[in-house]
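Colleague: Input file: target37.cif. Contents: mmCIF, C-alpha atoms and all ligand atoms.
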```cif
data_structure
loop_
_atom_site.label_atom_id
_atom_site.label_comp_id
_atom_site.auth_asym_id
_atom_site.auth_seq_id
_atom_site.Cartn_x
_atom_site.Cartn_y
_atom_site.Cartn_z
CA MET U 1 -79.61 -137.02 -8.33
CA SER U 2 -76.67 -137.69 -10.64
CA GLU U 3 -73.46 -139.21 -9.29
CA LEU U 4 -71.72 -135.89 -9.95
CA GLU U 5 -74.35 -134.10 -7.86
CA VAL U 6 -73.85 -136.67 -5.09
CA LEU U 7 -70.12 -135.92 -5.16
CA GLN U 8 -70.71 -132.16 -5.14
CA ALA U 9 -73.03 -132.58 -2.16
CA LEU U 10 -70.17 -134.08 -0.14
CA GLY U 11 -68.48 -130.68 -0.26
CA ARG U 12 -65.00 -129.63 -1.28
CA SER U 13 -63.47 -130.67 2.04
CA ALA U 14 -64.36 -134.34 1.40
CA THR U 15 -62.13 -134.54 -1.66
CA ASP U 16 -59.47 -132.02 -0.65
CA VAL U 17 -58.75 -134.08 2.47
CA VAL U 18 -57.35 -136.89 0.29
CA LEU U 19 -55.11 -134.63 -1.82
CA GLY U 20 -51.66 -136.18 -2.05
CA ARG U 21 -52.77 -139.45 -0.45
CA SER U 22 -51.42 -142.85 -1.41
CA LEU U 23 -53.44 -146.05 -1.07
CA VAL U 24 -51.41 -148.93 0.33
CA THR U 25 -54.14 -150.72 2.29
CA THR U 26 -57.80 -149.78 2.73
CA GLN U 27 -57.44 -150.44 6.44
CA GLU U 28 -55.31 -147.27 6.74
CA TRP U 29 -58.05 -145.08 5.24
CA SER U 30 -61.09 -143.89 7.17
CA VAL U 31 -64.53 -145.07 6.08
CA ASP U 32 -65.35 -141.44 5.18
CA ASP U 33 -62.34 -141.21 2.87
CA LEU U 34 -63.16 -144.59 1.27
CA ASP U 35 -66.73 -143.31 0.78
CA THR U 36 -65.32 -140.23 -0.97
CA ILE U 37 -63.17 -142.29 -3.34
CA ARG U 38 -66.17 -144.43 -4.29
CA ALA U 39 -68.24 -141.31 -4.88
CA VAL U 40 -65.49 -139.91 -7.12
CA ALA U 41 -65.26 -143.24 -8.98
CA ARG U 42 -69.02 -143.28 -9.59
CA ALA U 43 -68.99 -139.68 -10.83
CA LEU U 44 -66.04 -140.37 -13.14
CA ALA U 45 -67.78 -143.49 -14.50
CA GLU U 46 -70.95 -141.52 -15.15
CA LEU U 47 -69.04 -138.81 -17.02
CA ASP U 48 -66.92 -141.30 -18.95
CA ARG U 49 -69.94 -143.36 -19.98
CA ALA U 50 -71.63 -140.14 -21.14
CA GLY U 51 -68.60 -139.30 -23.28
CA VAL U 52 -67.42 -136.36 -21.14
CA ARG U 53 -63.63 -136.06 -21.30
CA THR U 54 -61.74 -135.58 -18.00
CA PRO U 55 -58.11 -134.67 -18.87
CA LEU U 56 -57.39 -133.48 -15.34
CA CYS U 57 -53.64 -134.18 -15.26
CA PRO U 58 -52.26 -133.44 -18.73
CA ALA U 59 -48.63 -134.21 -19.57
CA GLU U 60 -48.08 -136.17 -16.34
CA LEU U 61 -46.35 -139.54 -16.17
CA ALA U 62 -48.25 -142.44 -14.57
CA TRP U 63 -45.61 -145.09 -14.05
CA ALA U 64 -46.52 -148.62 -12.92
CA VAL U 65 -44.24 -151.53 -12.18
CA PHE U 66 -45.48 -155.13 -12.06
CA PHE U 67 -43.53 -157.96 -10.40
CA ASP U 68 -46.33 -160.40 -11.26
CA LYS U 69 -48.64 -161.08 -14.16
CA SER U 70 -51.74 -158.98 -14.75
CA THR U 71 -54.39 -158.35 -17.36
CA ARG U 72 -57.14 -156.33 -15.68
CA THR U 73 -55.10 -154.15 -13.35
CA LYS U 74 -52.53 -153.22 -15.98
CA SER U 75 -55.21 -152.19 -18.41
CA ALA U 76 -57.14 -150.38 -15.68
CA TRP U 77 -54.01 -148.40 -14.79
CA ALA U 78 -53.40 -147.49 -18.43
CA GLY U 79 -57.07 -146.76 -19.07
CA ALA U 80 -57.32 -144.54 -16.00
CA ALA U 81 -54.16 -142.60 -16.85
CA ALA U 82 -55.26 -142.11 -20.46
CA ARG U 83 -58.69 -140.84 -19.41
CA LEU U 84 -57.01 -138.35 -17.07
CA GLY U 85 -54.72 -137.08 -19.83
CA MET U 86 -51.67 -138.70 -18.20
CA HIS U 87 -49.10 -140.77 -20.02
CA PRO U 88 -49.15 -144.36 -18.71
CA VAL U 89 -45.97 -146.43 -18.67
CA ILE U 90 -46.08 -150.02 -17.42
CA VAL U 91 -42.85 -151.84 -16.71
CA ASP U 92 -42.11 -155.48 -15.91
CA GLY U 93 -40.42 -155.42 -12.50
CA SER U 94 -37.91 -158.09 -13.53
CA SER U 95 -36.62 -155.71 -16.20
CA THR U 96 -35.68 -153.07 -13.64
CA GLN U 97 -32.44 -152.83 -11.65
CA VAL U 98 -34.33 -154.17 -8.63
CA SER U 99 -33.39 -157.59 -10.02
CA HIS U 100 -29.72 -156.52 -9.74
CA GLY U 101 -30.18 -155.51 -6.13
CA GLU U 102 -31.12 -151.83 -6.32
CA THR U 103 -33.26 -151.20 -3.26
CA ALA U 104 -36.85 -150.05 -3.23
CA VAL U 105 -35.86 -146.77 -1.56
CA GLU U 106 -33.27 -146.09 -4.29
CA THR U 107 -35.74 -147.11 -6.96
CA GLY U 108 -38.39 -144.83 -5.50
CA ALA U 109 -36.06 -141.86 -5.62
CA MET U 110 -35.22 -142.50 -9.26
CA LEU U 111 -38.81 -143.05 -10.36
CA GLY U 112 -40.23 -140.26 -8.24
CA MET U 113 -38.03 -137.63 -9.83
CA ASN U 114 -39.63 -138.38 -13.19
CA ALA U 115 -43.12 -139.68 -12.47
CA HIS U 116 -46.25 -137.95 -11.20
CA ALA U 117 -47.95 -141.11 -9.88
CA MET U 118 -46.85 -144.68 -9.29
CA GLY U 119 -48.64 -148.00 -9.25
CA ILE U 120 -46.97 -151.14 -7.93
CA ARG U 121 -47.83 -154.85 -8.02
CA HIS U 122 -45.62 -157.00 -5.82
CA ASP U 123 -47.79 -159.78 -4.43
CA LEU U 124 -46.07 -163.15 -4.53
CA ILE U 125 -43.98 -163.33 -1.38
CA LEU U 126 -45.39 -162.81 2.11
CA GLY U 127 -43.73 -159.93 3.94
CA GLU U 128 -42.19 -158.39 0.82
CA GLY U 129 -44.59 -156.50 -1.43
CA ASN U 130 -46.21 -154.24 1.11
CA THR U 131 -42.82 -153.31 2.54
CA PHE U 132 -41.49 -152.70 -0.97
CA ILE U 133 -44.34 -150.31 -1.73
CA ARG U 134 -43.76 -148.37 1.49
CA ASP U 135 -40.02 -148.19 0.76
CA ILE U 136 -40.69 -146.89 -2.74
CA LYS U 137 -42.84 -144.17 -1.20
CA THR U 138 -40.09 -143.33 1.29
CA GLY U 139 -37.59 -143.06 -1.57
CA ILE U 140 -39.85 -140.76 -3.57
CA ASP U 141 -40.82 -138.54 -0.64
CA ASP U 142 -37.25 -138.25 0.67
CA TYR U 143 -36.03 -137.21 -2.78
CA LEU U 144 -38.80 -134.64 -3.23
CA ASP U 145 -38.21 -133.23 0.28
CA ALA U 146 -34.45 -133.07 -0.17
CA THR U 147 -34.75 -131.18 -3.44
CA GLY U 148 -37.51 -128.83 -2.32
CA ASP U 149 -39.80 -130.24 -4.98
CA ASN U 150 -43.38 -129.70 -3.76
CA ARG U 151 -44.95 -132.28 -6.07
CA HIS U 152 -46.89 -135.16 -4.52
CA VAL U 153 -46.39 -138.50 -6.24
CA PRO U 154 -49.24 -140.69 -5.01
CA ILE U 155 -48.64 -144.42 -4.85
CA VAL U 156 -51.36 -146.91 -5.64
CA ASN U 157 -51.00 -150.49 -4.44
CA LEU U 158 -51.94 -152.59 -7.46
CA GLN U 159 -51.75 -155.77 -5.32
CA CYS U 160 -49.25 -156.73 -2.67
CA ASP U 161 -48.93 -159.63 -0.26
CA VAL U 162 -51.31 -157.96 2.20
CA ASP U 163 -54.06 -156.27 0.18
CA HIS U 164 -55.42 -155.65 -3.31
CA PRO U 165 -57.21 -152.38 -2.61
CA THR U 166 -58.15 -151.31 -6.15
CA GLN U 167 -59.77 -154.74 -6.58
CA THR U 168 -61.69 -154.69 -3.32
CA MET U 169 -62.84 -151.10 -3.82
CA ALA U 170 -64.08 -152.07 -7.30
CA ASP U 171 -65.79 -155.08 -5.70
CA LEU U 172 -67.41 -152.88 -3.07
CA ILE U 173 -68.79 -150.45 -5.67
CA TRP U 174 -70.14 -153.37 -7.70
CA LEU U 175 -71.77 -154.82 -4.57
CA GLU U 176 -73.37 -151.48 -3.73
CA GLU U 177 -74.55 -151.06 -7.33
CA ASN U 178 -76.38 -154.38 -7.01
CA LEU U 179 -77.50 -154.40 -3.39
CA GLY U 180 -77.30 -150.85 -2.09
CA ASP U 181 -76.28 -150.59 1.55
CA LEU U 182 -74.38 -153.70 2.70
CA THR U 183 -75.69 -153.56 6.27
CA ASP U 184 -76.75 -157.06 7.34
CA ARG U 185 -75.98 -158.57 3.93
CA ARG U 186 -74.42 -162.05 4.16
CA ILE U 187 -71.18 -162.18 2.19
CA THR U 188 -69.13 -165.37 1.85
CA VAL U 189 -65.46 -165.22 0.90
CA SER U 190 -64.52 -168.83 0.31
CA TRP U 191 -61.44 -170.75 -0.70
CA ALA U 192 -62.01 -172.75 -3.89
CA TYR U 193 -59.88 -175.36 -5.58
CA SER U 194 -57.29 -173.97 -7.99
CA PRO U 195 -54.91 -176.14 -10.03
CA SER U 196 -53.24 -173.18 -11.77
CA TYR U 197 -50.93 -171.65 -9.14
CA ALA U 198 -50.69 -170.84 -5.45
CA LYS U 199 -52.59 -167.57 -5.63
CA PRO U 200 -51.70 -164.72 -3.27
CA LEU U 201 -53.61 -164.13 -0.03
CA SER U 202 -54.23 -160.48 -0.79
CA VAL U 203 -57.71 -160.69 -2.34
CA PRO U 204 -59.38 -162.64 0.49
CA GLN U 205 -57.44 -160.56 3.03
CA GLY U 206 -58.48 -157.31 1.37
CA LEU U 207 -62.10 -158.45 1.17
CA VAL U 208 -62.53 -159.52 4.79
CA THR U 209 -60.85 -156.37 6.08
CA LEU U 210 -62.83 -154.00 3.84
CA LEU U 211 -66.30 -155.56 3.85
CA THR U 212 -66.40 -155.92 7.64
CA ARG U 213 -66.26 -152.10 7.82
CA PHE U 214 -69.62 -151.70 6.09
CA GLY U 215 -71.96 -153.59 8.40
CA ALA U 216 -72.03 -156.86 6.45
CA HIS U 217 -72.09 -160.34 7.94
CA VAL U 218 -68.87 -161.72 6.46
CA THR U 219 -68.07 -165.43 6.44
CA LEU U 220 -64.57 -166.64 5.56
CA ALA U 221 -64.42 -170.31 4.56
CA HIS U 222 -61.35 -172.42 3.89
CA PRO U 223 -60.02 -175.91 4.46
CA PRO U 224 -57.71 -176.35 7.46
CA GLY U 225 -54.26 -174.91 6.71
CA TYR U 226 -55.44 -172.14 4.39
CA GLN U 227 -55.71 -169.47 7.05
CA LEU U 228 -54.95 -165.81 6.39
CA THR U 229 -52.38 -163.76 8.32
CA ASP U 230 -52.99 -163.06 12.00
CA SER U 231 -53.02 -159.30 11.39
CA THR U 232 -55.76 -159.69 8.78
CA MET U 233 -57.90 -161.76 11.11
CA ALA U 234 -57.42 -159.29 13.96
CA ALA U 235 -58.37 -156.37 11.70
CA ALA U 236 -61.48 -158.11 10.34
CA GLU U 237 -62.65 -159.01 13.84
CA GLN U 238 -62.04 -155.49 15.09
CA ASN U 239 -63.83 -153.97 12.09
CA ALA U 240 -66.85 -156.23 12.54
CA ALA U 241 -67.18 -155.14 16.17
CA GLY U 242 -68.51 -151.84 14.76
CA GLY U 243 -71.54 -153.63 13.21
CA GLY U 244 -72.22 -156.75 11.19
CA SER U 245 -70.13 -159.81 12.02
CA PHE U 246 -67.18 -161.94 10.99
CA ARG U 247 -66.91 -165.72 11.31
CA VAL U 248 -64.63 -168.44 9.95
CA VAL U 249 -65.83 -171.91 8.91
CA ASP U 250 -64.13 -174.90 7.31
CA ASP U 251 -67.16 -176.14 5.36
CA MET U 252 -68.03 -174.59 1.98
CA ASP U 253 -71.70 -175.69 2.18
CA GLU U 254 -72.10 -174.05 5.57
CA ALA U 255 -70.52 -170.86 4.20
CA PHE U 256 -72.86 -170.80 1.19
CA ALA U 257 -76.05 -171.41 3.18
CA ALA U 258 -78.28 -168.30 2.87
CA ALA U 259 -75.43 -166.14 1.53
CA ASP U 260 -76.45 -163.07 -0.51
CA ILE U 261 -73.04 -162.87 -2.17
CA VAL U 262 -70.40 -165.54 -2.74
CA TYR U 263 -66.78 -164.83 -3.66
CA PRO U 264 -65.06 -168.22 -4.08
CA LYS U 265 -61.41 -168.29 -5.18
CA GLY U 266 -58.19 -170.14 -4.51
CA TRP U 267 -55.14 -169.09 -2.52
CA GLY U 268 -52.01 -170.85 -1.35
CA ALA U 269 -51.76 -173.00 1.81
CA TYR U 270 -50.37 -170.78 4.55
CA ASP U 271 -47.38 -172.91 5.62
CA LEU U 272 -46.20 -173.15 2.02
CA MET U 273 -46.62 -169.41 1.46
CA VAL U 274 -44.38 -168.94 4.51
CA GLU U 275 -41.85 -171.52 3.19
CA ARG U 276 -41.56 -169.46 0.01
CA VAL U 277 -40.18 -166.50 1.97
CA ASP U 278 -36.79 -168.08 2.76
CA ALA U 279 -36.46 -169.78 -0.64
CA ASN U 280 -37.09 -166.47 -2.35
CA ALA U 281 -34.67 -164.59 -0.10
CA ALA U 282 -32.00 -167.17 -1.00
CA GLY U 283 -32.82 -166.86 -4.69
CA ASP U 284 -33.38 -170.62 -4.71
CA THR U 285 -35.52 -171.01 -7.84
CA ALA U 286 -35.42 -174.83 -7.67
CA GLU U 287 -36.83 -174.75 -4.14
CA LEU U 288 -39.45 -172.18 -5.16
CA ALA U 289 -40.57 -174.49 -7.97
CA ALA U 290 -40.68 -177.45 -5.55
CA ILE U 291 -42.80 -175.46 -3.08
CA GLU U 292 -45.16 -174.45 -5.88
CA GLN U 293 -45.56 -178.10 -6.83
CA ARG U 294 -46.33 -179.01 -3.22
CA ALA U 295 -48.84 -176.14 -3.10
CA LEU U 296 -50.69 -177.52 -6.12
CA GLU U 297 -50.65 -181.03 -4.62
CA ARG U 298 -52.07 -179.61 -1.38
CA ASN U 299 -54.79 -177.77 -3.31
CA ALA U 300 -55.65 -181.03 -5.06
CA GLU U 301 -56.67 -182.54 -1.71
CA HIS U 302 -59.70 -180.23 -1.86
CA THR U 303 -61.08 -180.53 -5.39
CA ASP U 304 -64.59 -180.68 -3.93
CA TRP U 305 -64.31 -176.98 -2.98
CA ILE U 306 -66.01 -175.74 -6.14
CA CYS U 307 -68.73 -173.15 -6.63
CA ASP U 308 -71.22 -175.20 -8.62
CA GLU U 309 -74.98 -175.22 -9.23
CA ARG U 310 -75.69 -177.35 -6.15
CA ARG U 311 -73.81 -174.98 -3.85
CA MET U 312 -75.36 -171.90 -5.47
CA GLY U 313 -78.70 -173.57 -4.68
CA LEU U 314 -77.87 -173.29 -0.96
CA THR U 315 -77.57 -169.50 -1.13
CA SER U 316 -80.26 -166.92 -0.44
CA GLY U 317 -83.16 -167.69 -2.78
CA GLY U 318 -80.78 -170.06 -4.59
CA ASP U 319 -79.56 -166.98 -6.41
CA ALA U 320 -76.60 -165.30 -4.69
CA LEU U 321 -74.50 -162.83 -6.62
CA TYR U 322 -71.34 -164.67 -7.71
CA MET U 323 -68.14 -162.59 -7.66
CA HIS U 324 -64.54 -163.24 -8.67
CA CYS U 325 -61.55 -160.95 -9.13
CA LEU U 326 -60.59 -162.97 -12.24
CA PRO U 327 -59.02 -164.85 -13.82
CA ALA U 328 -61.06 -167.81 -12.50
CA ASP U 329 -60.16 -171.46 -12.97
CA ILE U 330 -63.35 -172.52 -14.73
CA GLY U 331 -64.18 -176.16 -14.01
CA ASP U 332 -62.20 -176.04 -10.75
CA GLU U 333 -62.93 -172.90 -8.72
CA VAL U 334 -66.29 -172.49 -10.40
CA SER U 335 -68.42 -174.70 -12.64
CA PRO U 336 -68.78 -173.65 -16.29
CA GLY U 337 -72.54 -173.19 -15.79
CA VAL U 338 -72.22 -170.83 -12.81
CA MET U 339 -69.54 -168.80 -14.61
CA ASP U 340 -71.60 -168.63 -17.77
CA ARG U 341 -74.59 -167.32 -15.82
CA HIS U 342 -72.45 -164.64 -14.13
CA LYS U 343 -69.93 -163.83 -16.85
CA LEU U 344 -71.37 -160.38 -17.50
CA HIS U 345 -71.50 -159.73 -13.75
CA VAL U 346 -67.81 -160.47 -13.24
CA ALA U 347 -66.92 -158.30 -16.25
CA GLN U 348 -68.96 -155.41 -14.83
CA GLU U 349 -67.28 -156.00 -11.45
CA ALA U 350 -63.87 -155.77 -13.17
CA ASN U 351 -64.86 -152.62 -15.08
CA TRP U 352 -65.06 -150.63 -11.85
CA LYS U 353 -61.30 -150.91 -11.36
CA VAL U 354 -60.48 -148.34 -14.04
CA TYR U 355 -62.71 -145.81 -12.27
CA VAL U 356 -61.26 -146.64 -8.85
CA VAL U 357 -57.73 -145.99 -10.16
CA MET U 358 -58.93 -142.80 -11.86
CA ALA U 359 -60.57 -141.69 -8.63
CA LEU U 360 -57.44 -142.33 -6.57
CA LEU U 361 -55.21 -140.42 -9.00
CA ALA U 362 -57.63 -137.53 -9.55
CA ALA U 363 -58.49 -137.15 -5.86
CA ALA U 364 -54.79 -137.18 -4.95
CA LYS U 365 -53.97 -134.47 -7.50
CA VAL U 366 -56.87 -132.12 -8.21
CA PRO U 367 -58.06 -129.56 -5.63
CA ASP U 368 -61.83 -128.94 -5.62
CA LEU U 369 -62.28 -132.05 -7.74
CA ALA U 370 -66.10 -131.99 -7.77
CA GLY U 371 -66.09 -128.35 -8.89
CA VAL U 372 -63.59 -129.07 -11.66
CA LEU U 373 -65.60 -132.08 -12.87
CA ALA U 374 -68.79 -130.00 -12.85
CA GLY U 375 -67.01 -127.43 -15.03
CA LEU U 376 -65.95 -130.11 -17.50
CA ASP U 377 -69.49 -131.48 -17.58
CA GLU U 378 -70.96 -128.03 -18.24
CA GLU U 379 -68.43 -127.41 -21.01
CA ALA U 380 -69.33 -130.74 -22.63
CA GLN U 381 -73.05 -129.86 -22.59
CA ARG U 382 -72.50 -126.55 -24.45
N1 LIG U 401 -58.08 -159.25 -10.56
C1 LIG U 401 -56.90 -158.83 -11.01
O1 LIG U 401 -56.15 -158.16 -10.32
O2 LIG U 401 -56.64 -159.20 -12.29
P1 LIG U 401 -55.21 -159.12 -12.97
O3 LIG U 401 -54.31 -160.04 -12.21
O4 LIG U 401 -55.44 -159.56 -14.38
O5 LIG U 401 -54.72 -157.71 -12.89
#
```
For this file, write the structure as structure tokens.
Modeller:
Amino acid sequence: MSELEVLQALGRSATDVVLGRSLVTTQEWSVDDLDTIRAVARALAELDRAGVRTPLCPAELAWAVFFDKSTRTKSAWAGAAARLGMHPVIVDGSSTQVSHGETAVETGAMLGMNAHAMGIRHDLILGEGNTFIRDIKTGIDDYLDATGDNRHVPIVNLQCDVDHPTQTMADLIWLEENLGDLTDRRITVSWAYSPSYAKPLSVPQGLVTLLTRFGAHVTLAHPPGYQLTDSTMAAAEQNAAGGGSFRVVDDMDEAFAAADIVYPKGWGAYDLMVERVDANAAGDTAELAAIEQRALERNAEHTDWICDERRMGLTSGGDALYMHCLPADIGDEVSPGVMDRHKLHVAQEANWKVYVVMALLAAAKVPDLAGVLAGLDEEAQR
């Protein structure tokens, strides 16, 4: 059965139910709806890789604003929009009037009147990005309601302080491509030493909340002081109660033992991530720089937290699947040898993001999506 046939078999109601939907966190979506988006992403990948064009949303504006650096997600946004016939525009958040104090609600209203979809990355400060995204959505929706404009402008979270849902959905598809059903698979999400910067919490948080919904045995490993938010931990524990399990350890070897999949990456020490909140609110750039320095010094107390050949040897069959959202600190988070062995794997993992973004935009905008894609496929075969 082709991926398009799998999608068609889900029935029109499976895709029509997500029309107009925004993705802020995966936790807010049902497993069925997340299954649908992955099925759409797989069908779109199959068509794209076969050279079938899918210009489903011609002449629409796909606006994205980034308040942090990005390589993969920016290009995935642009690549997805281009494949859908949309016009992608990507703006540096610091170049917008948000930096002069215009609120997210005001900004949403202004962008929503012109755009047909919006992506947002706002991931550096705890408590800010997720709220910003929701306020943007409020601004857009209030404007559209007030003007009787019946357009839906779906929002896609391109990484906030809470979650990185296009990343974790891409990760999940890549995992399923390699391992099939995740039930009873042992997945380790581990902190690893990073000297580059205090990385956001959103990737490990997004992973432990998403993967615990699919029956996996998820282990979170980190040194003391690198905990995730309480709400993340509560969600992961609650999700795992439906099957699989969730545990936390403070020993990287223990976390790697018998793991089928390892996902080692750095993130900032929790108390310092919290300290950043006030410094940022005060616009105290000197204090922010001092906190960042302390974060790197704290990380440097744990340089032995590296994914190397010895640790990979502890995993299931000595051959776990290594994953990383990228960019990785090679030589620190992961040894050059392990990265070299898995460099194609992590590129293939990253490649799913363009199809996840495509799926979210197409499913939000196109009624009877499977039927429309089948029509495009038939046309291409003629
Ligand atoms: N993994 C990820 O989000 O990569 P970028 O920061 O390059 O977008």
Colleague: Any idea what's packed within 12 Å of U:Glu333, counting all atoms listed in the file, ignoring anything in its chain fewer than 2 positions away? Could you give it as a CSV table (one decimal) with C-alpha atoms, in the coordinates of the input?
Modeller:
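In the end it all went to around-v2.csv:
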```
chain,number,residue,atom,x,y,z
U,190,SER,CA,-64.5,-168.8,0.3
U,191,TRP,CA,-61.4,-170.8,-0.7
U,192,ALA,CA,-62.0,-172.8,-3.9
U,193,TYR,CA,-59.9,-175.4,-5.6
U,194,SER,CA,-57.3,-174.0,-8.0
U,195,PRO,CA,-54.9,-176.1,-10.0
U,196,SER,CA,-53.2,-173.2,-11.8
U,252,MET,CA,-68.0,-174.6,2.0
U,263,TYR,CA,-66.8,-164.8,-3.7
U,264,PRO,CA,-65.1,-168.2,-4.1
U,265,LYS,CA,-61.4,-168.3,-5.2
U,266,GLY,CA,-58.2,-170.1,-4.5
U,267,TRP,CA,-55.1,-169.1,-2.5
U,299,ASN,CA,-54.8,-177.8,-3.3
U,300,ALA,CA,-55.6,-181.0,-5.1
U,302,HIS,CA,-59.7,-180.2,-1.9
U,303,THR,CA,-61.1,-180.5,-5.4
U,304,ASP,CA,-64.6,-180.7,-3.9
U,305,TRP,CA,-64.3,-177.0,-3.0
U,306,ILE,CA,-66.0,-175.7,-6.1
U,307,CYS,CA,-68.7,-173.2,-6.6
U,308,ASP,CA,-71.2,-175.2,-8.6
U,322,TYR,CA,-71.3,-164.7,-7.7
U,323,MET,CA,-68.1,-162.6,-7.7
U,324,HIS,CA,-64.5,-163.2,-8.7
U,326,LEU,CA,-60.6,-163.0,-12.2
U,327,PRO,CA,-59.0,-164.8,-13.8
U,328,ALA,CA,-61.1,-167.8,-12.5
U,329,ASP,CA,-60.2,-171.5,-13.0
U,330,ILE,CA,-63.4,-172.5,-14.7
U,331,GLY,CA,-64.2,-176.2,-14.0
U,335,SER,CA,-68.4,-174.7,-12.6
U,336,PRO,CA,-68.8,-173.6,-16.3
U,337,GLY,CA,-72.5,-173.2,-15.8
U,338,VAL,CA,-72.2,-170.8,-12.8
U,339,MET,CA,-69.5,-168.8,-14.6
```
Colleague: Could you report the residues within 6 Å of ligand LIG 401 (chain U), using only C-alpha atoms and all ligand atoms, as a PDB file with C-alpha atoms, in the coordinates of the input?
Modeller:
```pdb
ATOM      1  CA  SER U  70     -51.740-158.980 -14.750  1.00  0.00           C
ATOM      2  CA  THR U  71     -54.390-158.350 -17.360  1.00  0.00           C
ATOM      3  CA  ARG U  72     -57.140-156.330 -15.680  1.00  0.00           C
ATOM      4  CA  THR U  73     -55.100-154.150 -13.350  1.00  0.00           C
ATOM      5  CA  LYS U  74     -52.530-153.220 -15.980  1.00  0.00           C
ATOM      6  CA  CYS U 325     -61.550-160.950  -9.130  1.00  0.00           C
ATOM      7  CA  LEU U 326     -60.590-162.970 -12.240  1.00  0.00           C
TER       8      LEU U 326
END
```
Colleague: So that I can check the surroundings of U:Arg53, please list as a PDB file with C-alpha atoms, in the frame of the given file every protein, DNA and RNA residue that reaches within 12 Å of it, counting only C-alpha atoms and ignoring chain neighbours fewer than 6 positions away.
Modeller:
```
ATOM      1  CA  LEU U  44     -66.040-140.370 -13.140  1.00  0.00           C
ATOM      2  CA  ALA U  45     -67.780-143.490 -14.500  1.00  0.00           C
ATOM      3  CA  GLU U  46     -70.950-141.520 -15.150  1.00  0.00           C
ATOM      4  CA  LEU U  47     -69.040-138.810 -17.020  1.00  0.00           C
ATOM      5  CA  ALA U  80     -57.320-144.540 -16.000  1.00  0.00           C
ATOM      6  CA  ALA U  82     -55.260-142.110 -20.460  1.00  0.00           C
ATOM      7  CA  ARG U  83     -58.690-140.840 -19.410  1.00  0.00           C
ATOM      8  CA  LEU U  84     -57.010-138.350 -17.070  1.00  0.00           C
ATOM      9  CA  GLY U  85     -54.720-137.080 -19.830  1.00  0.00           C
ATOM     10  CA  VAL U 372     -63.590-129.070 -11.660  1.00  0.00           C
ATOM     11  CA  LEU U 373     -65.600-132.080 -12.870  1.00  0.00           C
ATOM     12  CA  ALA U 374     -68.790-130.000 -12.850  1.00  0.00           C
ATOM     13  CA  GLY U 375     -67.010-127.430 -15.030  1.00  0.00           C
ATOM     14  CA  LEU U 376     -65.950-130.110 -17.500  1.00  0.00           C
ATOM     15  CA  ASP U 377     -69.490-131.480 -17.580  1.00  0.00           C
ATOM     16  CA  GLU U 378     -70.960-128.030 -18.240  1.00  0.00           C
ATOM     17  CA  GLU U 379     -68.430-127.410 -21.010  1.00  0.00           C
ATOM     18  CA  ALA U 380     -69.330-130.740 -22.630  1.00  0.00           C
ATOM     19  CA  GLN U 381     -73.050-129.860 -22.590  1.00  0.00           C
TER      20      GLN U 381
END
```
Colleague: Residues within 12 Å of U:Arg12, please, as an mmCIF file with C-alpha atoms, keeping the file's coordinate frame. Count all atoms listed in the file; anything in the same chain fewer than 4 positions from it doesn't count.
Modeller:
```cif
data_model
loop_
_atom_site.group_PDB
_atom_site.id
_atom_site.type_symbol
_atom_site.label_atom_id
_atom_site.label_comp_id
_atom_site.auth_asym_id
_atom_site.auth_seq_id
_atom_site.Cartn_x
_atom_site.Cartn_y
_atom_site.Cartn_z
ATOM 1 C CA VAL U 6 -73.850 -136.670 -5.090
ATOM 2 C CA LEU U 7 -70.120 -135.920 -5.160
ATOM 3 C CA GLN U 8 -70.710 -132.160 -5.140
ATOM 4 C CA ASP U 16 -59.470 -132.020 -0.650
ATOM 5 C CA VAL U 17 -58.750 -134.080 2.470
ATOM 6 C CA VAL U 18 -57.350 -136.890 0.290
ATOM 7 C CA LEU U 19 -55.110 -134.630 -1.820
ATOM 8 C CA THR U 36 -65.320 -140.230 -0.970
ATOM 9 C CA VAL U 40 -65.490 -139.910 -7.120
ATOM 10 C CA ALA U 363 -58.490 -137.150 -5.860
ATOM 11 C CA VAL U 366 -56.870 -132.120 -8.210
ATOM 12 C CA PRO U 367 -58.060 -129.560 -5.630
ATOM 13 C CA ASP U 368 -61.830 -128.940 -5.620
ATOM 14 C CA LEU U 369 -62.280 -132.050 -7.740
ATOM 15 C CA ALA U 370 -66.100 -131.990 -7.770
ATOM 16 C CA GLY U 371 -66.090 -128.350 -8.890
ATOM 17 C CA VAL U 372 -63.590 -129.070 -11.660
ATOM 18 C CA LEU U 373 -65.600 -132.080 -12.870
#
```
Colleague: Hey, can you check how far atom CA of U:Thr219 sits from atom CA of U:Val248?
Modeller: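 Distance between the two atoms: 5.8 Å.
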Colleague: Excluding U:Thr183 and residues on its chain fewer than 5 positions from it, collect all residues at most 12 Å away from it, counting only C-alpha atoms, and give them as a PyMOL selection string.
Modeller: chain U and resi 175-176+211-218+240+242-245+260
Colleague: Print the selection's residues with C-alpha atoms to a file, as a short mmCIF file (atom, residue, chain, number, x, y, z; two decimals), in the frame of the given file.
Modeller:
```cif
data_model
loop_
_atom_site.label_atom_id
_atom_site.label_comp_id
_atom_site.auth_asym_id
_atom_site.auth_seq_id
_atom_site.Cartn_x
_atom_site.Cartn_y
_atom_site.Cartn_z
CA LEU U 175 -71.77 -154.82 -4.57
CA GLU U 176 -73.37 -151.48 -3.73
CA LEU U 211 -66.30 -155.56 3.85
CA THR U 212 -66.40 -155.92 7.64
CA ARG U 213 -66.26 -152.10 7.82
CA PHE U 214 -69.62 -151.70 6.09
CA GLY U 215 -71.96 -153.59 8.40
CA ALA U 216 -72.03 -156.86 6.45
CA HIS U 217 -72.09 -160.34 7.94
CA VAL U 218 -68.87 -161.72 6.46
CA ALA U 240 -66.85 -156.23 12.54
CA GLY U 242 -68.51 -151.84 14.76
CA GLY U 243 -71.54 -153.63 13.21
CA GLY U 244 -72.22 -156.75 11.19
CA SER U 245 -70.13 -159.81 12.02
CA ASP U 260 -76.45 -163.07 -0.51
#
```
